[in-house]
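Everything below concerns the one structure shown next.
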Amino acid sequence: MIRLSGMAALPLVGLLLSAGLPQAAMAEATFSQAQLEVMAGSCANCHGTDGRLAGIVPAIAGRPAAALESRLLAFKHGQATDTTIMDRIAKGFTDEELGALARHFAAIDLRDDDATDAEDQPTQE
């Protein structure tokens with residue numbers, strides 16, 4: 001049996017402790033804008049481009065990130081009972097991805113929609 005003295009074991013202990021750092025770093029994962037746009041594309045089918053479509057499916061753009069993230073996590077973990085398909089969609093994302101999506105949609109300003117400008121609206125003749 002190999003026995004290490006207290007001082008000789010310190011580097012080994014440090015190495016073993018640092019092995020857990022990648023898991024901690026994953027908890028605060030950041031995503032590129034391109035990655036967010038791909039993930040957010042899944043939302044566009046029901047919530048519209050940039051999450052602005054309002055109707056029977058609620059608009060999600062501009063809502064508080066904490067509220068969106070809480071709701072998404074509730075869908076994913078089966079804690080929301082008033083869902084049709086969101087529980088299945090949310091399960092396709094990690095908790096970190098859902099948090100990133102919540103922050104993405106929360107950052108969208110509802111008033112900054114070029115599609116609602118009068119010059120972009122069709123004219124009736």
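In the structure tokens, the first chain shown is A, the next is B, and so on; residue numbers restart at 1 for each chain, and ligands run from 1 in the order shown.
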Which residues, written as a ChimeraX atom specification, have at least one atom at most 9 Å from A:Gly51, with only C-alpha atoms counted and residues fewer than 6 positions away on the same chain left out? /A:40,43-44,58-62,105,108
Identify, on the basis of only C-alpha atoms, every residue whose closest approach to A:Ser42 does not exceed 12 Å; exclude the query and any residue fewer than 3 positions from it along the same chain; express the result as a PyMOL selection string. chain A and resi 35-39+45-51+86+88-90+92-93+98+101
For atom CA of A:Thr30 and atom CA of A:Ala100, determine how far apart the two atoms are, in Å to one decimal place.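 Atom CA of A:Thr30 sits 7.6 Å away from atom CA of A:Ala100.
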Nearest-residue call for A:Leu68, choices A:Ala102, A:Ala107, A:Ala34, A:Ile85, using only C-alpha atoms: A:Ala102
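Interatomic distance, atom CA of A:Pro64 to atom CA of A:Arg52: 14.0 Å.
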Nearest to A:Arg103 among A:Ala66, A:Leu53, A:Asp87, A:Ser32, with distances taken over only C-alpha atoms: which residue is it?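 Checking each candidate against A:Arg103, we get A:Ala66 as the closest.
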